[in-house]
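**Student:** Supplied structure: my_file-v6.pdb, PDB, C-alpha atoms.
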```pdb
ATOM      1  CA  MET A 272     -29.229 -17.171 -12.633  1.00  0.00           C
ATOM      2  CA  ALA A 273     -26.630 -15.167 -10.736  1.00  0.00           C
ATOM      3  CA  LYS A 274     -25.934 -11.659 -11.975  1.00  0.00           C
ATOM      4  CA  GLY A 275     -23.040 -11.683 -14.440  1.00  0.00           C
ATOM      5  CA  LYS A 276     -22.987 -15.473 -14.604  1.00  0.00           C
ATOM      6  CA  GLY A 277     -21.476 -16.633 -17.841  1.00  0.00           C
ATOM      7  CA  LYS A 278     -19.504 -13.403 -18.418  1.00  0.00           C
ATOM      8  CA  ILE A 279     -16.166 -15.157 -17.836  1.00  0.00           C
ATOM      9  CA  VAL A 280     -17.243 -17.971 -20.143  1.00  0.00           C
ATOM     10  CA  ARG A 281     -18.121 -15.450 -22.872  1.00  0.00           C
ATOM     11  CA  GLU A 282     -15.161 -13.115 -22.363  1.00  0.00           C
ATOM     12  CA  GLY A 283     -12.559 -15.581 -21.132  1.00  0.00           C
ATOM     13  CA  LEU A 284     -10.281 -14.908 -18.204  1.00  0.00           C
ATOM     14  CA  GLY A 285      -9.832 -11.338 -19.468  1.00  0.00           C
ATOM     15  CA  GLY A 286     -13.275 -10.650 -18.007  1.00  0.00           C
ATOM     16  CA  SER A 287     -12.453 -12.032 -14.549  1.00  0.00           C
ATOM     17  CA  VAL A 288     -11.549  -9.379 -11.984  1.00  0.00           C
ATOM     18  CA  THR A 289     -10.067 -11.938  -9.598  1.00  0.00           C
ATOM     19  CA  HIS A 290      -7.931 -13.492 -12.320  1.00  0.00           C
ATOM     20  CA  LEU A 291      -6.681 -10.102 -13.505  1.00  0.00           C
ATOM     21  CA  LEU A 292      -5.826  -9.062  -9.932  1.00  0.00           C
ATOM     22  CA  HIS A 293      -3.949 -12.342  -9.480  1.00  0.00           C
ATOM     23  CA  ARG A 294      -1.995 -11.778 -12.708  1.00  0.00           C
ATOM     24  CA  ALA A 295      -1.171  -8.198 -11.660  1.00  0.00           C
ATOM     25  CA  LEU A 296       0.089  -9.511  -8.315  1.00  0.00           C
ATOM     26  CA  GLN A 297       2.229 -12.090 -10.114  1.00  0.00           C
ATOM     27  CA  LEU A 298       3.741  -9.321 -12.239  1.00  0.00           C
ATOM     28  CA  ALA A 299       4.544  -7.242  -9.140  1.00  0.00           C
ATOM     29  CA  LEU A 300       6.090 -10.270  -7.395  1.00  0.00           C
ATOM     30  CA  ASP A 301       8.170 -11.035 -10.496  1.00  0.00           C
ATOM     31  CA  TYR A 302       9.413  -7.424 -10.556  1.00  0.00           C
ATOM     32  CA  HIS A 303      10.353  -7.716  -6.875  1.00  0.00           C
ATOM     33  CA  ALA A 304      12.184 -11.018  -7.390  1.00  0.00           C
ATOM     34  CA  GLU A 305      14.042  -9.587 -10.390  1.00  0.00           C
ATOM     35  CA  ALA A 306      15.095  -6.463  -8.473  1.00  0.00           C
ATOM     36  CA  ALA A 307      16.029  -8.353  -5.293  1.00  0.00           C
ATOM     37  CA  GLY A 308      17.926 -11.228  -6.867  1.00  0.00           C
ATOM     38  CA  PRO A 309      17.788 -14.901  -5.861  1.00  0.00           C
ATOM     39  CA  ALA A 310      19.722 -14.560  -2.587  1.00  0.00           C
ATOM     40  CA  SER A 311      17.651 -11.696  -1.194  1.00  0.00           C
ATOM     41  CA  LEU A 312      14.319 -11.395   0.608  1.00  0.00           C
ATOM     42  CA  THR A 313      11.125 -12.398  -1.120  1.00  0.00           C
ATOM     43  CA  GLN A 314       8.366  -9.805  -1.267  1.00  0.00           C
ATOM     44  CA  ARG A 315       6.474 -11.586   1.531  1.00  0.00           C
ATOM     45  CA  GLN A 316       9.569 -11.799   3.738  1.00  0.00           C
ATOM     46  CA  PHE A 317      10.146  -8.092   3.152  1.00  0.00           C
ATOM     47  CA  THR A 318       6.509  -7.388   4.081  1.00  0.00           C
ATOM     48  CA  VAL A 319       6.785  -9.357   7.352  1.00  0.00           C
ATOM     49  CA  LEU A 320      10.009  -7.575   8.302  1.00  0.00           C
ATOM     50  CA  ALA A 321       8.483  -4.182   7.438  1.00  0.00           C
ATOM     51  CA  ALA A 322       5.416  -4.944   9.585  1.00  0.00           C
ATOM     52  CA  ALA A 323       7.615  -6.115  12.469  1.00  0.00           C
ATOM     53  CA  ALA A 324       9.721  -2.955  12.157  1.00  0.00           C
ATOM     54  CA  GLY A 325       6.579  -0.834  12.443  1.00  0.00           C
ATOM     55  CA  ALA A 326       5.868  -1.988  15.985  1.00  0.00           C
ATOM     56  CA  ASP A 327       7.917  -4.172  18.316  1.00  0.00           C
ATOM     57  CA  GLY A 328       6.186  -7.068  19.965  1.00  0.00           C
ATOM     58  CA  LEU A 329       3.608  -8.050  17.353  1.00  0.00           C
ATOM     59  CA  THR A 330       1.872 -11.386  17.769  1.00  0.00           C
ATOM     60  CA  GLN A 331       1.293 -13.692  14.835  1.00  0.00           C
ATOM     61  CA  ASN A 332      -2.334 -12.511  14.742  1.00  0.00           C
ATOM     62  CA  ASP A 333      -1.092  -8.898  14.557  1.00  0.00           C
ATOM     63  CA  LEU A 334       1.182  -9.854  11.656  1.00  0.00           C
ATOM     64  CA  VAL A 335      -1.679 -11.603   9.836  1.00  0.00           C
ATOM     65  CA  ARG A 336      -3.774  -8.410  10.126  1.00  0.00           C
ATOM     66  CA  ALA A 337      -0.889  -6.124   9.164  1.00  0.00           C
ATOM     67  CA  THR A 338       0.298  -8.109   6.144  1.00  0.00           C
ATOM     68  CA  GLY A 339      -2.789  -9.884   4.814  1.00  0.00           C
ATOM     69  CA  ILE A 340      -0.792 -13.114   4.645  1.00  0.00           C
ATOM     70  CA  ASP A 341      -2.837 -16.149   5.716  1.00  0.00           C
ATOM     71  CA  ARG A 342      -2.110 -17.647   9.130  1.00  0.00           C
ATOM     72  CA  SER A 343      -0.454 -20.908   8.016  1.00  0.00           C
ATOM     73  CA  THR A 344       1.783 -19.239   5.417  1.00  0.00           C
ATOM     74  CA  LEU A 345       2.749 -16.571   7.929  1.00  0.00           C
ATOM     75  CA  ALA A 346       3.586 -19.205  10.575  1.00  0.00           C
ATOM     76  CA  ASP A 347       5.922 -20.890   8.085  1.00  0.00           C
ATOM     77  CA  LEU A 348       7.513 -17.564   7.097  1.00  0.00           C
ATOM     78  CA  VAL A 349       8.070 -16.565  10.715  1.00  0.00           C
ATOM     79  CA  ALA A 350       9.582 -19.968  11.567  1.00  0.00           C
ATOM     80  CA  ARG A 351      12.038 -19.699   8.673  1.00  0.00           C
ATOM     81  CA  MET A 352      12.901 -16.102   9.535  1.00  0.00           C
ATOM     82  CA  LEU A 353      13.476 -17.067  13.178  1.00  0.00           C
ATOM     83  CA  SER A 354      15.853 -19.842  12.086  1.00  0.00           C
ATOM     84  CA  LYS A 355      17.743 -17.365   9.871  1.00  0.00           C
ATOM     85  CA  GLY A 356      18.059 -14.950  12.787  1.00  0.00           C
ATOM     86  CA  LEU A 357      15.983 -12.202  11.118  1.00  0.00           C
ATOM     87  CA  LEU A 358      13.321 -12.205  13.844  1.00  0.00           C
ATOM     88  CA  LEU A 359      13.434 -12.744  17.590  1.00  0.00           C
ATOM     89  CA  ARG A 360      10.574 -14.427  19.491  1.00  0.00           C
ATOM     90  CA  GLU A 361       9.516 -13.593  23.030  1.00  0.00           C
ATOM     91  CA  ARG A 362       6.610 -14.543  25.274  1.00  0.00           C
ATOM     92  CA  SER A 363       3.939 -11.817  25.170  1.00  0.00           C
ATOM     93  CA  ALA A 364       3.847  -9.562  28.227  1.00  0.00           C
ATOM     94  CA  THR A 365       0.071  -9.168  27.888  1.00  0.00           C
ATOM     95  CA  ASP A 366      -0.983 -12.703  26.820  1.00  0.00           C
ATOM     96  CA  ALA A 367       0.851 -15.711  28.311  1.00  0.00           C
ATOM     97  CA  ARG A 368      -0.505 -17.916  25.490  1.00  0.00           C
ATOM     98  CA  ALA A 369       1.028 -15.811  22.732  1.00  0.00           C
ATOM     99  CA  ASN A 370       4.505 -15.142  21.440  1.00  0.00           C
ATOM    100  CA  THR A 371       5.612 -11.849  19.973  1.00  0.00           C
ATOM    101  CA  VAL A 372       8.256 -11.168  17.381  1.00  0.00           C
ATOM    102  CA  ARG A 373      10.565  -8.269  16.751  1.00  0.00           C
ATOM    103  CA  LEU A 374      13.362  -7.544  14.341  1.00  0.00           C
ATOM    104  CA  SER A 375      16.868  -8.670  15.155  1.00  0.00           C
ATOM    105  CA  GLU A 376      19.850  -6.604  14.043  1.00  0.00           C
ATOM    106  CA  ALA A 377      20.210  -9.007  11.080  1.00  0.00           C
ATOM    107  CA  GLY A 378      16.515  -8.518  10.313  1.00  0.00           C
ATOM    108  CA  ARG A 379      16.873  -4.738  10.347  1.00  0.00           C
ATOM    109  CA  ALA A 380      19.889  -4.978   8.030  1.00  0.00           C
ATOM    110  CA  ALA A 381      17.962  -7.299   5.668  1.00  0.00           C
ATOM    111  CA  LEU A 382      14.990  -4.914   5.695  1.00  0.00           C
ATOM    112  CA  ASP A 383      17.226  -1.958   4.854  1.00  0.00           C
ATOM    113  CA  ALA A 384      18.951  -3.960   2.101  1.00  0.00           C
ATOM    114  CA  GLY A 385      15.589  -5.074   0.657  1.00  0.00           C
ATOM    115  CA  ALA A 386      13.976  -1.634   0.608  1.00  0.00           C
ATOM    116  CA  GLY A 387      15.548  -0.738  -2.737  1.00  0.00           C
ATOM    117  CA  ALA A 388      14.157  -3.830  -4.460  1.00  0.00           C
ATOM    118  CA  ALA A 389      10.676  -3.175  -3.056  1.00  0.00           C
ATOM    119  CA  ALA A 390      10.764   0.442  -4.236  1.00  0.00           C
ATOM    120  CA  GLU A 391      12.089  -0.589  -7.658  1.00  0.00           C
ATOM    121  CA  ALA A 392       9.288  -3.130  -8.091  1.00  0.00           C
ATOM    122  CA  ASP A 393       6.679  -0.514  -7.120  1.00  0.00           C
ATOM    123  CA  GLU A 394       8.164   1.972  -9.583  1.00  0.00           C
ATOM    124  CA  LYS A 395       8.111  -0.593 -12.406  1.00  0.00           C
ATOM    125  CA  VAL A 396       4.447  -1.366 -11.810  1.00  0.00           C
ATOM    126  CA  LEU A 397       3.511   2.318 -11.636  1.00  0.00           C
ATOM    127  CA  ALA A 398       5.575   3.115 -14.739  1.00  0.00           C
ATOM    128  CA  LEU A 399       3.112   1.001 -16.744  1.00  0.00           C
ATOM    129  CA  MET A 400       0.497   3.751 -16.184  1.00  0.00           C
ATOM    130  CA  SER A 401       0.253   7.440 -16.879  1.00  0.00           C
ATOM    131  CA  PRO A 402       0.841   9.696 -13.837  1.00  0.00           C
ATOM    132  CA  LYS A 403      -2.887  10.505 -13.669  1.00  0.00           C
ATOM    133  CA  LYS A 404      -3.819   6.809 -13.649  1.00  0.00           C
ATOM    134  CA  ARG A 405      -1.225   6.068 -10.933  1.00  0.00           C
ATOM    135  CA  ASP A 406      -3.067   8.206  -8.396  1.00  0.00           C
ATOM    136  CA  THR A 407      -6.369   6.537  -9.268  1.00  0.00           C
ATOM    137  CA  PHE A 408      -4.772   3.079  -9.157  1.00  0.00           C
ATOM    138  CA  LEU A 409      -3.285   3.711  -5.698  1.00  0.00           C
ATOM    139  CA  LYS A 410      -6.629   5.015  -4.401  1.00  0.00           C
ATOM    140  CA  ILE A 411      -8.438   1.941  -5.739  1.00  0.00           C
ATOM    141  CA  LEU A 412      -5.861  -0.402  -4.191  1.00  0.00           C
ATOM    142  CA  ALA A 413      -6.074   1.455  -0.866  1.00  0.00           C
ATOM    143  CA  GLY A 414      -9.873   1.124  -0.962  1.00  0.00           C
ATOM    144  CA  LEU A 415      -9.674  -2.594  -1.698  1.00  0.00           C
ATOM    145  CA  ALA A 416      -7.133  -3.071   1.093  1.00  0.00           C
ATOM    146  CA  ALA A 417      -9.365  -1.149   3.523  1.00  0.00           C
ATOM    147  CA  GLU A 418     -12.274  -3.410   2.579  1.00  0.00           C
ATOM    148  CA  ALA A 419     -10.074  -6.466   3.174  1.00  0.00           C
ATOM    149  CA  ASP A 420      -9.124  -5.081   6.594  1.00  0.00           C
ATOM    150  CA  ALA A 421     -12.751  -4.457   7.604  1.00  0.00           C
ATOM    151  CA  PRO A 422     -14.182  -6.776  10.231  1.00  0.00           C
ATOM    152  CA  ALA A 423     -16.413  -9.495   8.780  1.00  0.00           C
ATOM    153  CA  GLY A 424     -19.897  -8.099   8.187  1.00  0.00           C
ATOM    154  CA  GLY A 425     -18.764  -4.629   9.227  1.00  0.00           C
ATOM    155  CA  LYS A 426     -17.936  -1.475   7.411  1.00  0.00           C
ATOM    156  CA  ALA A 427     -14.483  -0.776   6.087  1.00  0.00           C
ATOM    157  CA  PRO A 428     -12.368   1.510   8.249  1.00  0.00           C
ATOM    158  CA  PRO A 429     -12.198   5.130   7.067  1.00  0.00           C
ATOM    159  CA  LYS A 430     -10.279   5.444   3.827  1.00  0.00           C
ATOM    160  CA  THR A 431      -6.832   6.877   4.048  1.00  0.00           C
ATOM    161  CA  SER A 432      -5.331   8.647   1.151  1.00  0.00           C
ATOM    162  CA  ALA A 433      -2.795   6.620  -0.764  1.00  0.00           C
ATOM    163  CA  PRO A 434       0.752   7.903  -0.829  1.00  0.00           C
ATOM    164  CA  LYS A 435       1.243  10.126  -3.814  1.00  0.00           C
ATOM    165  CA  PRO A 436       3.990   9.151  -6.231  1.00  0.00           C
ATOM    166  CA  ASP A 437       6.770  11.672  -6.611  1.00  0.00           C
ATOM    167  CA  LYS A 438       5.973  14.238  -9.231  1.00  0.00           C
ATOM    168  CA  PRO A 439       8.273  16.828 -10.697  1.00  0.00           C
ATOM    169  CA  ALA A 440       7.766  20.187  -9.046  1.00  0.00           C
ATOM    170  CA  VAL A 441       5.717  22.480 -11.216  1.00  0.00           C
ATOM    171  CA  LYS A 442       5.504  26.114 -10.257  1.00  0.00           C
ATOM    172  CA  LYS A 443       2.012  27.463 -10.377  1.00  0.00           C
ATOM    173  CA  LYS A 444       1.550  30.919 -11.723  1.00  0.00           C
ATOM    174  CA  LYS A 445       0.058  33.243  -9.202  1.00  0.00           C
ATOM    175  CA  LYS A 446      -3.044  34.997 -10.350  1.00  0.00           C
ATOM    176  CA  VAL A 447      -2.631  38.707 -10.216  1.00  0.00           C
ATOM    177  CA  LYS A 448      -5.789  40.404  -9.123  1.00  0.00           C
ATOM    178  CA  LYS A 449      -6.612  43.542 -10.978  1.00  0.00           C
ATOM    179  CA  PRO A 450      -7.560  46.391  -8.706  1.00  0.00           C
ATOM    180  CA  LYS A 451     -11.191  47.281  -8.938  1.00  0.00           C
ATOM    181  CA  ALA A 452     -12.061  50.753 -10.047  1.00  0.00           C
ATOM    182  CA  ALA A 453     -12.840  52.903  -7.075  1.00  0.00           C
ATOM    183  CA  LYS A 454     -16.446  53.864  -6.802  1.00  0.00           C
ATOM    184  CA  ALA A 455     -17.236  57.480  -6.431  1.00  0.00           C
ATOM    185  CA  PRO A 456     -19.068  58.405  -3.257  1.00  0.00           C
ATOM    186  CA  LYS A 457     -22.829  58.547  -3.776  1.00  0.00           C
ATOM    187  CA  ALA A 458     -23.030  62.299  -3.217  1.00  0.00           C
ATOM    188  CA  GLU A 459     -20.426  62.986  -5.905  1.00  0.00           C
ATOM    189  CA  ALA A 460     -22.087  60.542  -8.271  1.00  0.00           C
ATOM    190  CA  ASP A 461     -25.465  62.284  -7.781  1.00  0.00           C
ATOM    191  CA  ALA A 462     -23.893  65.735  -8.293  1.00  0.00           C
ATOM    192  CA  ALA A 463     -22.226  64.630 -11.494  1.00  0.00           C
ATOM    193  CA  ALA A 464     -25.561  63.460 -12.887  1.00  0.00           C
TER     194      ALA A 464
END
```
Let me see whether you can do it: turn the structure in this file into structure tokens.

**Tutor:**
Amino acid sequence: MAKGKGKIVREGLGGSVTHLLHRALQLALDYHAEAAGPASLTQRQFTVLAAAAGADGLTQNDLVRATGIDRSTLADLVARMLSKGLLLRERSATDARANTVRLSEAGRAALDAGAGAAAEADEKVLALMSPKKRDTFLKILAGLAAEADAPAGGKAPPKTSAPKPDKPAVKKKKKVKKPKAAKAPKAEADAAA
């Protein structure tokens, strides 16, 4: 019998890591949709535009790696974003079989307009946790993402630290060192004895 087999049956879906991650993702996507409004970018469209803004001339394979969106879904997203004028397609300078995409002016404007909704959704998710748990949560997510980005059968790339959420500035009190009592020279100490 496989290790842990039957746990989900005994505990219900509340014991399933994959189900709970899926539900957490749905919550984050709902927060993004609520913040963005129906006429704005979806979270995935925002992600594709943000990846394309990070480096001009990405191929579809580059976008798959950068976003984690599966190839067929990404192809559909890119096609729709090309038709809306948010992305521009060009033949790759390094691979004649591939096309590259880059942001159009309309795409850059849409990305800028969508940044507030993305930040608001992130803040709403993080607000569900204490500040101490936020740091841990971001580190865990960064570790999971690094594992997802690792080549099949290989080790995950080195972990990068997750961006720290803004914290109110707290001044630390400087420790004042007390001066140590001066030691008397040995000769004087011996004479005094």

**Student:** Using all atoms listed in the file, find the one residue out of A:His290, A:Arg373, A:Gln314, A:Ala386 that sits nearest to A:Tyr302.

**Tutor:**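 Result for the nearest residue to A:Tyr302: A:Gln314.
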
**Student:** Take the point (1.4, -15.6, 23.5) as written in the file and pick out every residue within 12 Å of it, counting all atoms listed in the file; give the list as a list of chain:residue names.

**Tutor:**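 Applying the cut-off with all atoms listed in the file, one gets A:Gly328, A:Leu329, A:Thr330, A:Gln331, A:Asn332, A:Asp333, A:Arg360, A:Glu361, A:Arg362, A:Ser363, A:Ala364, A:Thr365, A:Asp366, A:Ala367, A:Arg368, A:Ala369, A:Asn370, A:Thr371, A:Val372.
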
**Student:** Nearest residue to A:Gly325 out of A:Arg379, A:Lys395, A:Arg351, A:Lys404, using all atoms listed in the file?

**Tutor:**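 Closest to A:Gly325, using all atoms listed in the file: A:Arg379.
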
**Student:** Would you please work out which residue, of A:Glu394, A:Gly286, A:Gly308, A:Ser375, is nearest to A:Leu357 when using all atoms listed in the file?

**Tutor:**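 Residue with the minimum atom-to-atom distance to A:Leu357: A:Ser375.
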
**Student:** Step by step: start from the point (-6.5, -9.0, -3.6) in the file's coordinates, keep every protein, DNA or RNA residue that has an atom no farther than 12 Å from it, count only C-alpha atoms, and write the set as a list in words.

**Tutor:** Val288, Thr289, His290, Leu291, Leu292, His293, Arg294, Ala295, Leu296, Gln297, Thr338, Gly339, Ile340, Ile411, Leu412, Ala413, Gly414, Leu415, Ala416, Ala417, Glu418, Ala419 and Asp420 of chain A

**Student:** Just the number, please: distance in Å from atom CA of A:Glu376 to atom CA of A:Ala324, one decimal.

**Tutor:**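 Straight-line distance from atom CA of A:Glu376 to atom CA of A:Ala324 works out to 10.9 Å.
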
**Student:** Kindly resolve the PyMOL selection byres ((chain A and resi 306) around 12) on the present coordinates and return the residues as number ranges by chain.

**Tutor:** A: 299-305, 307-314, 384-395

**Student:** May I ask which of the residues A:Leu399, A:Ala350, A:Ala380, A:Val319 is the closest one to A:Val335, counting all atoms listed in the file?

**Tutor:** A:Val319

**Student:** Measuring atom to atom with all atoms listed in the file, identify which of A:Gly283, A:Leu409, A:Ala323, A:Arg315 is nearest to A:Asp347.

**Tutor:**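 Selected residue with least distance to A:Asp347: A:Arg315.
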
**Student:** What is the atom CA of A:Asp383 to atom CA of A:Ala346 distance in Å?

**Tutor:**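 The value is 22.7 Å.
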
**Student:** What are the centre and the three edge lengths of an axis-aligned box that wraps all atoms of stretch 351-357 of chain A in the file, given that 4 Å is added to every side, written as lines of an AutoDock Vina configuration file and rounded to one decimal in Å?

**Tutor:**
```
center_x = 15.0
center_y = -16.0
center_z = 10.9
size_x = 14.0
size_y = 15.6
size_z = 12.5
```

**Student:** Can you measure atom CA of A:Gly378 to atom CA of A:Gly356 for me? One decimal in Å is fine.

**Tutor:**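 Result for atom CA of A:Gly378 versus atom CA of A:Gly356: 7.1 Å, one decimal.
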
**Student:** Ranking A:Leu320, A:Leu284, A:Leu298, A:Leu353 by minimum distance to A:Leu397 and counting all atoms listed in the file, which one comes first?

**Tutor:**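 Smallest separation from A:Leu397 among the options: A:Leu298.
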